[in-house]
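A short worksheet on the structure shown next.
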Amino acid sequence: MNEQEKRAVFERYNERTHIIGRVVSVITLVLLVGAPFVLGVILGAMPDVGAVAKGFVSVGLVWMVSGVAEYLIYTPMLGAGGGYLAFITGNLINMKIPCAISARDMVGAKTGTAENEVISTLSIAASSLVTILVLALGVLLLVPLQPILQSEVLQPAFANVVPALFGAMAYKYFRGNMKIAVTPLVVMSLLFILVPSLTGSTSFMIIPSGAMAIAITWILYRHERKSSDK
Amino acid sequence: MTILSQLNGPAIYAVCGGIVAFVAVICVVFMIRAWRAGVALGMDKTKMRRVITSSVTFTILPSIGILLGVIALSGSLGTPWPWLRLSVVGALHYETQVAQAAAEQVGMSSLSAAEMTPRAFTTIALLMSVCIIWGMLLSTLFSKRYLKKLGGSGSSGGGGAAGFGDKAMTAMFIGLICAYVGSYIGGFVSGEGLFTFSGDWTPLAVAGVSALTMAGCVYLSEKKGMAWLESFSIAGSMLVGMAAAVLLRLAV
């Protein structure tokens, strides 16, 4: 097969990848957003759309910005097939991206080439299937453990999932960024101490806290740029 | 019938399992198509086989970490929903934060089975689904044009402009964490009256234990060459923090 024929094969493959990718992304979106309503029918309780809208304003906007940035940064690395698959199967930063990059490095494929397109799709598909399989097996094994997981003694553990997450993340993010973290942390602590009723709307407090952290980052960034320009 | 037995019911498993199975089929279809395209393009089959093998081995350990996340969330949301969320689209840190935010909107003080109702659950499930659609939505709408525009230039988005973007993203997460850690401090100091220091200290203690565990994981992976620990650091630290909550409650 000469270069021209190869290019034609790849273009055909890419064209169909976009069609299939778009179709399966739309179906997955409908299934995922529709699932809570189907579960609502089963449980006899539909979601509170007003509460969802409020929750979206408080926390969803943060994830929207993060989602757009991830899309812009990772799509060129992953190519068409890898991109569609990675955004459907999730766990991008902690798994799919390092997995695809290590596969690409192993083969020596360059971003934007046909080889990279094939390699990253193979890598992400294999990785996603393994995750699905491991979780399915794990869940199967969890079924007999349900009575233990639901026992009274273990309830404090499950009631503290969120503090456990934020403790771990606090170390990860504050480390090396204390200049940014200290002001919002002190201001937020004081606010929650002086107005305890705010605890019920912590997710809304993310907005001023995030704005403060971004403003400090901007000041530090400008300062760094000025120093490096001199 | 308790809320958890409702959330772990066979019908819920069927809905969630059906979606997971659909995504597994998508992966198989993409894999077969990529393999065939690779063969048609004259790529070395041994290379492609090595890519699959290395990706499989690379993924096993982090997948076990994700499974620990399913266990962590199963106590409040049942098993099938966290299984679906973490098999498809989601990530542990995202799911937990959004679930907590949704729990607040439906009037729950914390994400726990004790306060969970069917309506609260479906509301939480919908917010978890809606907040993370952006990658899928944008790739459906723009990927073809976006990739064509890049034209295989090899750009990975890393330029001068990306410099502040990355920092702003980190800052946003720092702000988010500060709001929650601040609320635990405030809850302890003034939860039962201004400056009484008699509020609930468990979240603060759990966050502290979890942070210390994370510090230990980072030390071992960076200084002692145990890089494999990274895959477990978040889920592992969470589980140690959660175990501390049980022990502290038993001890006090």
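Residues are referred to by chain and number: the chain letter is A, B, ... according to the order shown in the structure tokens, the number counts from 1 in that chain, and ligands are numbered separately from 1 in the order shown.
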
*Near B:Cys16, counting only C-alpha atoms, which residues have an atom at most 7 Å away, once you skip same-chain residues fewer than 5 positions from it, shown as a PyMOL selection string?*
chain B and resi 80-81+84

_All residues 9 Å or closer to stretch 159-175 of chain A, only C-alpha atoms, same chain fewer than 6 positions away omitted, as a PyMOL selection string_ = (chain A and resi 181-182) or (chain B and resi 72-73+75-76+92-93+96-97+100+110-114+170-171+173-174+177-178+180-181+184+202-215+218+233-235+237-242+245)

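Ranking A:Val38, A:Val59, A:Ala69, A:Leu85 by their shortest atom-to-atom distance to A:Ser201, with only C-alpha atoms included, puts A:Val59 first.
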
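Our summary of the geometry notes that atom CA of B:Leu127 is positioned 16.6 Å from atom CA of A:Ile206.
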
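Atom CA of B:Gly69 is positioned 21.7 Å from atom CA of A:Val62.
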
Shell around B:Lys47 at 8 Å using only C-alpha atoms, local window under 4 positions removed, as a PDB file with N, CA and C atoms, in the first residue's frame:
ATOM      1  N   VAL A 107       5.775   3.160  21.819  1.00  0.00           N
ATOM      2  CA  VAL A 107       5.817   2.898  20.383  1.00  0.00           C
ATOM      3  C   VAL A 107       6.572   4.008  19.646  1.00  0.00           C
TER       4      VAL A 107
ATOM      5  N   MET B  43       0.707  -1.221  10.272  1.00  0.00           N
ATOM      6  CA  MET B  43       1.415  -1.126  11.566  1.00  0.00           C
ATOM      7  C   MET B  43       1.777  -2.523  12.071  1.00  0.00           C
ATOM      8  N   VAL B  51       1.020  -2.609  23.084  1.00  0.00           N
ATOM      9  CA  VAL B  51       0.276  -1.443  23.595  1.00  0.00           C
ATOM     10  C   VAL B  51      -0.902  -1.909  24.445  1.00  0.00           C
TER      11      VAL B  51
END

*Considering only C-alpha atoms, return as a PyMOL selection string whatever protein or nucleic-acid residues lie within 12 Å of A:Leu137, sequence-local ones (same chain, fewer than 3 positions apart) excluded.*
(chain A and resi 130-134+140-143) or (chain B and resi 63-64+67+83+87)

*In stretch 13-244 of chain B, DSSP alpha helix (DSSP H) residues written as a PyMOL selection string*: chain B and resi 13-40+45-77+80-87+92-105+118-130+134-150+160-190+202-223+230-244

_Contacts of stretch 96-98 of chain A within 9 Å, only C-alpha atoms, excl. fewer than 6 positions in-chain, as a list in words_ =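 Listing them by chain and then by number gives Tyr74, Met77, Leu78, Ala86, Thr89, Gly90, Ser123, Ile124, Ser127 and Ser128 of chain A; Thr59 of chain B.
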
Take the residues from that selection and write them out as an mmCIF file, in the first residue's frame, keeping C-alpha atoms.
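This went into out-v4.cif:
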data_model
loop_
_atom_site.group_PDB
_atom_site.id
_atom_site.type_symbol
_atom_site.label_atom_id
_atom_site.label_comp_id
_atom_site.auth_asym_id
_atom_site.auth_seq_id
_atom_site.Cartn_x
_atom_site.Cartn_y
_atom_site.Cartn_z
ATOM 1 C CA TYR A 74 -6.414 16.491 25.974
ATOM 2 C CA MET A 77 -3.145 14.375 22.577
ATOM 3 C CA LEU A 78 -5.732 11.616 22.292
ATOM 4 C CA ALA A 86 -11.770 8.876 27.116
ATOM 5 C CA THR A 89 -15.229 6.465 30.183
ATOM 6 C CA GLY A 90 -13.809 9.191 32.463
ATOM 7 C CA SER A 123 -4.694 1.984 24.775
ATOM 8 C CA ILE A 124 -7.786 3.804 26.090
ATOM 9 C CA SER A 127 -7.693 0.533 29.856
ATOM 10 C CA SER A 128 -11.449 1.242 29.993
ATOM 11 C CA THR B 59 -4.689 0.020 34.557
#

Can you pull out the residues contacting B:Phe197? Cut-off 9 Å, using only C-alpha atoms, and skip same-chain residues under 6 positions away; I want them as a short mmCIF file (atom, residue, chain, number, x, y, z; two decimals) with N, CA and C atoms, in the first residue's frame.
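File out-v6.cif, as written:
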data_model
loop_
_atom_site.label_atom_id
_atom_site.label_comp_id
_atom_site.auth_asym_id
_atom_site.auth_seq_id
_atom_site.Cartn_x
_atom_site.Cartn_y
_atom_site.Cartn_z
N GLY B 187 -17.60 24.54 62.06
CA GLY B 187 -18.55 23.61 62.69
C GLY B 187 -18.08 23.21 64.07
N PHE B 188 -16.77 23.01 64.22
CA PHE B 188 -16.23 22.61 65.52
C PHE B 188 -16.22 23.79 66.50
N VAL B 189 -15.75 24.96 66.03
CA VAL B 189 -15.60 26.11 66.94
C VAL B 189 -16.95 26.68 67.36
N SER B 190 -17.86 26.85 66.37
CA SER B 190 -19.11 27.56 66.67
C SER B 190 -20.37 26.76 66.36
N GLY B 191 -20.21 25.46 66.06
CA GLY B 191 -21.37 24.64 65.68
C GLY B 191 -22.46 24.58 66.74
#
